[in-house]
Every structure is written in C-alpha cells, then in structure tokens.
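For reference, the structure discussed in these notes is given below.
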Amino acid sequence: MKMQTLLGLLVAAALAVTMAGQPAAAQDEKPIRIGIVTFLSGGAAGPFGIPARNAAEITVEALNAGTIPTPYHKKGIGSRPIETVIIDEAGGTTKQVTEYRNLVQRHQVDLVIGYISSGDCLAIAPLADELKKLTVFFDCGTPRIFEDAKYTYLFRTGPTATMDSVGAALYVLHRNPKVATVAGINQNYAWGQDSWTDFRASMTVLKPEIKVGTEQFPKLYAGAYSSEISALQVANADVIHSSFWGGDMEAFVLQGAARGLFANRAVVLTTGETGMFRLGRQMPDGTILGGRGPHGVFAPDNALNKWFRPLYEQRYQTPPTYPSYKMVVAFLGVKAAYEKAMAGAAGHPTDEQVIAAFSGLEYDSPSGKVSMVLGEGHQAIQETAYGVFKYDAEKGATITEIVRYPAECVNPPNGVKSEEWIKGGFKGAKC
Amino acid sequence: MAFDRTSLLLLGALIATLVAGPFLPAWFTFLATVALSKALVVLGVMLLMRAGLVSFGQGLYYGIGAYGAGLAANMLGIRDAFLLLALGVAASAVVAAIVSVLLARYRDIFFAMLSLAFSMIFYGLLVRSAALGSTDGFNLPPANFAGWSPVGATGRSAVFMLTAVLAFLAAIGAHRYLKSTLGMIGEAIRTNEIRVEYLGASVRRAIQIKVVLAAALAGAGGVLTALAASHIDPGLAYWTTSGEFVFVALLSGTAHVAAPLIGCMLFELIRTFAVQYAPYTWQMVVGASMLAVIMFLPGGLWSLVRMRLRRTA
Amino acid sequence: MQQLIAILVDGTVYFSWLFIVSLGLTLIYGVMNILNIAHGSLFALGAYMAAWVIGAWFAGGLPPAASFLAFAVAGVAVGAVLGLVIERGVLTRMYGSDPIVIILATYAVFLILEDVITLVWGLDPYLAYQPYALLGRVQLAGISFSIYDLGLVVTALVLAAASWYALNRTRQGKLLLVVIHDREVSAAMGINVRLKFTMTFMIGAALGALGGALSAPGISVVPGVGVDIIVLAFAVTVVGGLGSIPGALVGALIVGLCRAAAVHLMPEAELFVIYSVMALVLAVRPQGLFGRAIARKI
C-alpha cells in the first residue's frame, strides 16, 4: 500500500474514532431557527417592538452562551444553538399572513415567536395548525384567541388583556373606595374599546352605583387631545381610565398635566409602566400605573430578574419595560418545554412532544411564575400588579403602594369567556 | 366569439400558471394568490383611470366584498366559494350603484376625495362595530368549491387556482370591454366629455357603469383576499389600502390589461424581499423603486414590454 | 353652557391647528395643481426638527422665551430646504406628465422620507414638552385651557393675515395669484412660472413643516406622526376649495367646530366627522366652498 493512502486511512480512522467518542457539543448540534415577529417601524416600534427585539437579542445571546441562571443554564435550546430571523410586524394582517408563511415555508424556521397586535394574532392563529408550526404569541391581548377556538400548535405565554382591566378596577376601588364617577379615554380601535368595556364592566360589577361620565375614543395616533381633555374636565369624574400607549399616552400625560387634569382625581394608565422612565418628572405623582402584568418595576426580585434587568439596562441604557419581559417569558417557556420534552425522549424531541410538554406547563421567569392553565393548557396566566407613580428626587421615577393580584383573581377560570366572567361577577375568582 | 391576440395570450398565460402551480413553492403561490386578488381591484382602478377618474376609495368595495363573504360564512354558514364570491360581488355592485349616483357628478380630485370619504365612513362603521370585532376583525372558515372541501395545502392550491382563473378571465373581460363601445367612451370622456355629450352619449351613465364594474372587480378581489388570508379586518377599507391600488395601477401602466397582473406580482415580490433584507427601511426601498419607475418609465412598467415589442416588430 | 364654551374654544383651537397644517397644501395645489402627499412627511420633519431643537435648547440652558422662535424657525428652515430638494430633484422633471403621476411621485417621496426620518431620529418617541408646559394654563368657564393651544389660534390668524397680505398686496404674491388663475396665460405674459413653482413649493413645504414644529411641544413625536395629517389636510383643503386660502380658513373652522361638538356631545361619532363634513359639503357645492367653478373647455 502506498504511504499516502496508508496515512490517509490512518487519519480518517483517527477522525472517525474521535468523532464517535465526542459527547454532543453545542457547536455540533443542528441550530434551531426561530422566527421573531415584532414591530420594527411605525408608532408601535418605539414603545413595544424595539424593547421586545432588544430582549430577544440579549436572551438569545445569553442562551447560546449558557449564562442564564438555573434552570435555564443549559446552552441554547436543548443544546441546539439559536439562530433568528426577524420580521417587521407592520403592514397589516394580509401582509403578516404572507410573511408568516414565508417564515415557515421559505426560511424554514423551527418555530415562531412574536406578535403584538391582536389583529395579527387572530389572523395568524389558524395558520399555526395549518402549517403545523409551533408558534408562540408573546404579547397580544385579545382573549378571543383561545376563547373562540382551540389550537394545537399555538401557545400564548402572555396573559390576556382581561387581567389588565380587572386589576385596574380592583386597584382603583382599593385606593379610592369612595369613587362615584368614572370616565375613559381610550384609542378608537379594538384594544382601546375592549379595555374600556372590560374596565367599565368590572367597575359596575364591583360597585353597581358607579356612574359613567364621558367615554372618549380618539383615533389611534391622534396625538392632540385638547378637545378630549376639555370634555374630561367637563365630566369631572373621580377616576379616568386610559389604555393609551406609546406616543399617545405620553402626549395625553403632557397635555393633561399641563392643564391640571391629573389634579384632584385618579388617572389609571394600564400600560403606564412603559412610559414612566421617559416621562420622568412630567408624569404627575399619584398616577396609577400598570404594566400588563408583573413586569418591569413590578417584577419580583428573583434570580432571573437579577440576571435580566441589569444586563438589559447596561446594554440599552434604559430599564426594560413589559414588552421586553414578555419576550423573555416566551423564550424561556419554549426552552422549558423543549428541555422537559427532551428529558423524556431519546435525542431531540419532535414538535408533538414539545407541545405535550408545553401544555399545562408551569415555569419561572424574570416576572415570576407563568402557568399555562387556560385554553387547554395553551394560554398562560400570571399575577398582575398596579401601583402609584412617584418621582423621587434621588431615585427618579418609582412606583409605590404596589398591590399584587394573584393570577386566579384576575384571570377567568378555564373554559369561561372573559366577557361572561366579568358580567357574571367574577365567579370562581380566588383573591 | 372572436378571440384576439391578447385574449389568447392571457388564456395561454392562465393555463401556464395553473400547470406550473403545483411545482412552485407554497410561499410563492400564496404570494401570487394575494397579488392576483389585488390585481382584480387594480383592473377596476385601471378601468376608471382610462376614463380619467382616479378612485381613492376602492377599499370600500374591497372591504364590502370581504365582509360580505365573511358574514355570510360565519353567520349564514355559507361555505361555497363561488356563492361567497357572488354575494361579495353583488353587495359591492349594489353599494356602487347607489354611491355612483352621487359620485358620477364629480371629476378629478373631487371624485378621488369623495370616494375616499365614502370608504373611510365605511371604515369608521366597521371600527365602531364590536360585533364585527372592530379593528381585530374575524376569521373565515375554510371554503368549499361546489361540494369539494379541500383542506390544508390542497385548500390553498384551490384558492390559488380560483384566484388565477378569475384574475385572468377578468383581464380578458376588461380587454374586451375596453375595446367595445362602452369602454372606448371612457377614453373619449377623458379627452373631452362635453363633446361626448354633444355626440349623444350619456357621460353620467357611462361613468356610473364604470364605477359599478370597478366595484364588482374590487368586491371579487376582496372575497379572494379574504379566502386567501382567512382573515378579515377593517384595514381592507382604509385609505392607505385604496391608495396602494392606485399606486400599483400607475406603476404597472394602464396601457394593457396584463399590466396590473404583472405589476401587482412585482410589487408584492419587491415588498416581501424588502421586508426581509431591509427590515428597518423597507418603506424606503419600496419608495425608491417606485420613484425609479416613475422617473425612468413614465408609462409604467408596461412601457418596458411595449418598447421591446416595438423593437422586434 | 360650560359645554358650549368648551366646544367653541376647542373647536377654535383645533381649527387653528388644521389651518396651519393645511395652508401649505392648499397653496401648492392652487399654484401647481399638485396634491402633495409628501406634505405628511414635511409635517413629521418639522415636528422632529422642532423636538430635537427644543431638547437641545433646554438642555443647553438657553433662554426659554427664545425657544419658541428657535423651534419655529427650525421647522420652517428644514421645510424650505426639503421643499427645494424635492422640487428641484424630483418634481421639476415631471411637470409635463399626467397630474396623477406627479401625485404618485410625491407618494414615493413620502415613503422615502418616512424611513429617512427614522434613520436620522430613530424609532423612539421624542418629547419636547417644555414650551407647552412653560406657558401654563388659564381658566375659562371652569375648564383649564392650555395657553399654548390658545396661542396657536393667534398664530393661525396671524398666518392667515400674513398670507392674505402676501398674496394680495405684494408684487410676488399678485404674480402668484395670476399663475393660480391661468398658468398658460401667465407664461405667455412672461412670468417665470417654473421659478414661481419652486418658490411656492418651498413655501408650502415650509408651512407644512411649521405645522409640525408648532404641534411638537404638545405631542409625543413618533414615527408615522405625519401619516394621518395627509388625509386631514386634504379633506380640509377640498372642503374649503382647492387653492383658496379663505377657503382653507373656513373649511378648517367648520371641521374644527364639528369635531369639537362631536367630542363633547357624541364621542363615538368623532371618527366620521371629517369625512361626513367633506361628503356633505361636496354634495352641496361640488367645487368646495370657495372653489372657483372651472370653465369647461370645449
């Protein structure tokens, strides 16, 4: 045998032996490709889409490096390194349906995490089962997803918007038990309309003698609210409810505060947490703020939050707000489900096994416990919290008088529709 | 029936599309379904443009078609795609017949703004309606095709084929219409409508018919988009949607009925690749492409084909 | 009674804002027959520029009183510059084309500017509240109104007076009126119509940007802030009659009062108000309130 051939054979044999003997290292694993869909342009990008994308970025980095505290310390997802494809959620539902299909069929992602807009969520939901692709909604609020239909491949790790309104009502009555009239100013689209409807219904159930003053519904992105603020002053309600977000919320706070709307009454901003650091001193003390769950300043002081918050703040020069937390919650849920399925399987689990593990899962996150309890185990519930804004001379924007409401107190029980649950007096709520 | 060269070409293209369909990647045929359903609307815009009218409110009929089909499917349990199409088209046509009585009195920018106003009033009604899901809209169950109930990928192919057939047939129909007397009157109206009146034709009636035709096409497009996306929401009636139809019509060129079909397809392709490769600046990419076409191809993209044909002729 | 006063004041505030925003658009349409869709981006540009200037101004500790002039001038400047760029760069090549093609060009410019704005200023909302908060509030019939908003009313009236004077009493203005009336004859008479176009577009763009600059202190400046302005400005312009400044004034007043009334009395109708007013006015007077009936050419 020629010398070269012998050497070649020896090298090949050596390689074969080493390869066979190697434990499956993360860099040899087939990467897991995750499609991420969130707002990268338009008015929703600044307050929601970009914080969510930032959180996705640092979470993927940390996951691939294995630097997240237990039980998420394993590298990647089941040792598979994560690669991402990010798509802008702007452009309308028909466009999003097209892009979702592109993600699944052209980019061949293994799963999709995303969607802030309820309209997009509703449109995408049936596609997950049609294309048999594991999909995780992380933020959209409409309860209709799992209340109107059943899905196999779809999960939502963010609680519905119902708990925002119910929590707001509970907190308002806790802090202002003598409230006689409420008024509302919400954006004129499904989110604003549903938030107000739920809040008003909750208040009416909890205190039937409540009167409703004016119900304002300016256009989304209107930005200028001089007439609406006048109308609110005329109505002179004790409590003003608003589910405004982003630029609209900031504009409303600035204009309202400048005209003294916030004095002598309680204003509830259900997504106020996202603006508290930006508005800082401009947010009047005493404004009631929510964060759509135990996120941001409402997050518990657990190991995961101790990892996440400083890391985000250091990288992006601003504390993480609730969209960031909800994105991490989604990623950790996927990881927890995948690795739970892996424990019971040989090698990497199939989608069906991951789904089985994800259903009914309970896991930990920087915002506390997440329980996939509703929607046949596909819809998460979490506790919620509300508090009062106070600008501290040293610490800056802070939240005080935080009250937490357990998940079963502000979310309907399994199988009951949110609207009926509220109207029926919150039967089955455990507070 | 006399089939001229264009009709035969379009027929041929349709057959080629249907044959190629199963071999094309699924994401592409879906894109094509959406593009072709929009092409139907753009055909209607083109019909009106040939008469010198620009409608910034085709979203009204697009939305009526989609919501008509959606409501019929969800509330009346109608699943047959052909029946839904008929309902959507009929609803759009009826509304157009009523609206056109007022609309036909206006020209130029006033026609455009009034049509926009109507579509936005409809949009407002949809947003106010909690029963219809407001801006979230609602989903459409899978459709049947005269008794056949395909699901999954086959269902998507069926919708694709239906859309392709309708788009090409509509193009052939539009071509024949534009060559007919009624169609030619449009050109005359655009040039000098007083002379048309003096010559004995009713300008108002001609415009009304065109508005109704464009509405029917838009309604059909709406139903097909709804069938493709399986979701309906008020965004279909918003003014930016109507604007998109006008802009694609201009970009494609109004010289030939095939132009909207090609133009819509190109526009969807540009947009989806822009979103992928420039996720933060895709609007700019689309705008720059449009500007390039406008400045260098004032006749729209179709003028490229025309120049080619002229050279070989 | 309180509500009536509120409606009147709110309507007037909204009207002034609408007028300032629509003035540029109606001017451009009147002279050049172009419906400038990029008007929305010019508004946004003015808003971002003003927000940025205000932020820098107050961070630098400069005298607050002068900030008003500073951000207004900044808005006007950026509008004029962009107006020049757009007119010379894009529109000038297209004057012979179909008007609808020119509109398409302005739409393309709008798309491009939207992303350019995002590239320059990013996606985060900008807050520039200082001038708004600085002026404080005043009580009228038991309701607090912002003095800044009331100041907008004064600004609108000053602008209206200034534009009337400029158009009717200055030579350049009168020449513009001539061009509005009949472009062909003006050119035949030796007026440099092309130069007038450039001037008009620059002024119209500057006014649009000024509208954005003046709006900035009360709002949070976000991407997309200019989009709905387009339809609003168009609607007011059409209601008033295209190319007519008194028309824009009256159109804005009607829309402003109707919207204020809706907000106070029937908030759910707010979304429809502007379109219903437009449809009603057009149904009764097809060329808009002050629009010239255009002679049909045989």
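Here's how to read the names in the structure tokens: chain A, B, ... by the order shown, residue numbers from 1 in each chain, ligand numbers from 1 in the order shown.
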
Restrict the calculation to only C-alpha atoms, then for each residue of stretch 40-139 of chain C with any atom at most 10 Å from an atom of stretch 242-252 of chain A give the closest atom pair and their distance in Å to one decimal, rows by chain and rising residue number, as a Markdown table.
| residue | atom | partner | partner_atom | distance |
| --- | --- | --- | --- | --- |
| C:Asp124 | CA | A:Gly247 | CA | 9.0 |
| C:Pro125 | CA | A:Gly247 | CA | 6.1 |
| C:Tyr126 | CA | A:Gly247 | CA | 8.4 |
| C:Leu127 | CA | A:Glu250 | CA | 8.0 |
| C:Ala128 | CA | A:Ala251 | CA | 10.0 |
| C:Tyr129 | CA | A:Ala251 | CA | 8.8 |

Review point. Which chain C residues are at most 7 Å from chain B (counting only C-alpha atoms), as a list in words?
Key: Val101, Leu104, Ala105, Ala108, Val109, Leu111, Ile112, Asp115, Leu271, Phe272, Tyr275, Ala279 and Ile298 of chain C

Exercise for review: Write down as a VMD selection string the residues of stretch 8-228 of chain C whose backbone DSSP state falls under helix (DSSP H, G or I).
Suggested key: chain C and resid 8 to 32 39 to 59 64 to 89 91 to 94 99 to 121 130 to 134 147 to 169 171 to 181 183 to 188 193 to 218 227 to 228

For chain A against chain C, which residues fall within 6 Å using only C-alpha atoms, given as a tab-separated table (two decimals) with C-alpha atoms, in the first residue's frame?
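This is the output file part27.tsv:
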chain	number	residue	atom	x	y	z
A	42	GLY	CA	-44.27	52.84	12.88
A	43	GLY	CA	-45.69	54.11	16.16
A	46	GLY	CA	-40.56	52.62	19.94
A	216	GLN	CA	-63.73	59.34	24.72
A	223	GLY	CA	-51.61	62.80	19.38
A	227	SER	CA	-60.95	68.67	22.96
A	231	ALA	CA	-64.58	67.01	27.75
A	247	GLY	CA	-46.75	58.38	21.88
A	250	GLU	CA	-47.09	60.44	26.55
A	251	ALA	CA	-48.94	63.20	24.71
A	258	ALA	CA	-50.22	70.97	31.76
A	259	ARG	CA	-53.95	71.62	32.07

If we count only C-alpha atoms, which residues of chain A reach to within 7 Å of chain B? Please list them as a CSV table (one decimal) with C-alpha atoms, in the first residue's frame.
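Saved as result.csv:
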chain,number,residue,atom,x,y,z
A,40,LEU,CA,-39.8,47.4,13.7
A,41,SER,CA,-41.4,50.5,12.2
A,87,ILE,CA,-39.6,40.3,10.5
A,88,ASP,CA,-41.4,43.6,10.9
A,92,GLY,CA,-51.5,45.0,8.0
A,94,THR,CA,-52.8,40.3,5.0
A,97,VAL,CA,-50.2,36.3,6.9
A,98,THR,CA,-47.9,36.3,3.9
A,101,ARG,CA,-46.0,31.7,5.5
A,102,ASN,CA,-42.6,33.0,4.2
A,105,GLN,CA,-42.0,27.8,4.1
A,106,ARG,CA,-39.2,29.9,2.7
A,118,SER,CA,-54.3,41.4,18.4
A,119,GLY,CA,-55.5,41.6,14.8
A,123,ALA,CA,-55.2,36.1,11.7
A,130,GLU,CA,-52.5,24.6,9.2
A,189,TYR,CA,-59.7,50.5,18.0
A,190,ALA,CA,-60.2,47.0,19.3

Exercise for review: Do a neighbour search on stretch 3-8 of chain B at 12 Å with only C-alpha atoms, toss out local chain neighbours closer than 2 positions, and write the hits as a PyMOL selection string.
Suggested key: chain B and resi 1+10-15+168-177+179+256-259

How would the residues just picked look written out with C-alpha atoms as an mmCIF file, in the first residue's frame?
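To be explicit, this is the file written out as again_24.cif:
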data_model
loop_
_atom_site.group_PDB
_atom_site.id
_atom_site.type_symbol
_atom_site.label_atom_id
_atom_site.label_comp_id
_atom_site.auth_asym_id
_atom_site.auth_seq_id
_atom_site.Cartn_x
_atom_site.Cartn_y
_atom_site.Cartn_z
ATOM 1 C CA MET B 1 -66.628 34.688 -30.027
ATOM 2 C CA LEU B 10 -53.866 35.771 -21.494
ATOM 3 C CA LEU B 11 -55.610 32.440 -21.805
ATOM 4 C CA GLY B 12 -52.298 30.814 -22.508
ATOM 5 C CA ALA B 13 -50.723 32.528 -19.540
ATOM 6 C CA LEU B 14 -53.556 31.306 -17.338
ATOM 7 C CA ILE B 15 -53.082 27.729 -18.421
ATOM 8 C CA PHE B 168 -57.070 36.216 -15.983
ATOM 9 C CA LEU B 169 -60.709 35.971 -17.011
ATOM 10 C CA ALA B 170 -61.307 39.432 -15.594
ATOM 11 C CA ALA B 171 -58.318 40.698 -17.557
ATOM 12 C CA ILE B 172 -59.706 39.190 -20.747
ATOM 13 C CA GLY B 173 -63.097 40.629 -19.934
ATOM 14 C CA ALA B 174 -61.622 44.041 -19.252
ATOM 15 C CA HIS B 175 -59.705 43.877 -22.509
ATOM 16 C CA ARG B 176 -62.830 43.116 -24.482
ATOM 17 C CA TYR B 177 -64.752 45.756 -22.594
ATOM 18 C CA LYS B 179 -62.296 47.565 -26.978
ATOM 19 C CA HIS B 256 -52.671 46.996 -21.285
ATOM 20 C CA VAL B 257 -54.813 44.721 -19.148
ATOM 21 C CA ALA B 258 -51.915 42.392 -18.442
ATOM 22 C CA ALA B 259 -50.033 45.237 -16.767
#

Check your understanding: Mind checking DSSP for stretch 81-214 of chain A and telling me the strand (DSSP E) residues as number ranges by chain?
Key -> A: 82-88, 111-114, 134-137, 154-156, 181-185, 211-214

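Coordinates place atom CA of C:Ala233 at a distance of 9.9 Å from atom CA of C:Ile37.
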
So which residues touch A:Ser365 within 8 Å, counting only C-alpha atoms, skipping near sequence neighbours fewer than 2 positions away, as a JSON list (two decimals) with N, CA and C atoms, in the first residue's frame?
[["chain", "number", "residue", "atom", "x", "y", "z"],
["A", 304, "LEU", "N", -33.73, 35.29, 38.28],
["A", 304, "LEU", "CA", -33.82, 35.56, 36.85],
["A", 304, "LEU", "C", -33.92, 37.04, 36.57],
["A", 305, "ASN", "N", -34.68, 37.78, 37.40],
["A", 305, "ASN", "CA", -34.78, 39.22, 37.21],
["A", 305, "ASN", "C", -33.45, 39.90, 37.54],
["A", 328, "VAL", "N", -38.87, 37.69, 26.95],
["A", 328, "VAL", "CA", -38.05, 36.72, 27.68],
["A", 328, "VAL", "C", -38.91, 35.56, 28.17],
["A", 329, "VAL", "N", -40.10, 35.91, 28.68],
["A", 329, "VAL", "CA", -41.03, 34.88, 29.17],
["A", 329, "VAL", "C", -41.32, 33.88, 28.06],
["A", 332, "LEU", "N", -38.16, 31.65, 27.42],
["A", 332, "LEU", "CA", -37.92, 30.70, 28.50],
["A", 332, "LEU", "C", -38.98, 29.61, 28.50],
["A", 363, "TYR", "N", -43.69, 27.49, 34.71],
["A", 363, "TYR", "CA", -42.25, 27.73, 34.74],
["A", 363, "TYR", "C", -41.97, 29.11, 35.31],
["A", 367, "SER", "N", -40.33, 37.68, 35.46],
["A", 367, "SER", "CA", -41.51, 38.30, 36.04],
["A", 367, "SER", "C", -42.28, 37.33, 36.92],
["A", 368, "GLY", "N", -41.63, 36.27, 37.34],
["A", 368, "GLY", "CA", -42.29, 35.36, 38.26],
["A", 368, "GLY", "C", -42.83, 34.13, 37.58],
["A", 369, "LYS", "N", -43.82, 33.53, 38.23],
["A", 369, "LYS", "CA", -44.33, 32.25, 37.74],
["A", 369, "LYS", "C", -45.27, 32.45, 36.57],
["A", 370, "VAL", "N", -45.15, 31.57, 35.60],
["A", 370, "VAL", "CA", -46.05, 31.57, 34.45],
["A", 370, "VAL", "C", -46.75, 30.21, 34.42]]

Which residues, written as an mmCIF file with C-alpha atoms, in the first residue's frame, have at least one atom at most 8 Å from A:Cys431, with only C-alpha atoms counted and residues fewer than 5 positions away on the same chain left out?
data_model
loop_
_atom_site.group_PDB
_atom_site.id
_atom_site.type_symbol
_atom_site.label_atom_id
_atom_site.label_comp_id
_atom_site.auth_asym_id
_atom_site.auth_seq_id
_atom_site.Cartn_x
_atom_site.Cartn_y
_atom_site.Cartn_z
ATOM 1 C CA TYR A 405 -53.364 40.342 42.487
ATOM 2 C CA PRO A 406 -52.950 36.554 42.163
ATOM 3 C CA GLU A 408 -56.614 33.261 39.595
ATOM 4 C CA CYS A 409 -58.071 36.503 40.901
#

**Study point:** Pick from B:Thr29, B:Asn74, B:Ser149, B:Ser37, whichever lies nearest to B:Gly221 using only C-alpha atoms
**Key:** B:Ser37

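The space separating atom CA of C:Ala248 from atom CA of C:Pro99 comes to 21.7 Å.
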
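The closest residue to A:Val253, picked from A:Phe331, A:Tyr151, A:Phe138, A:Tyr225 and counting only C-alpha atoms, is A:Tyr225.
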
Exercise for review: Return the single residue from A:Thr152, A:Ser226, A:Asn188, A:Thr135 that is closest to C:Phe15, with distances computed using only C-alpha atoms.
Suggested key: A:Ser226
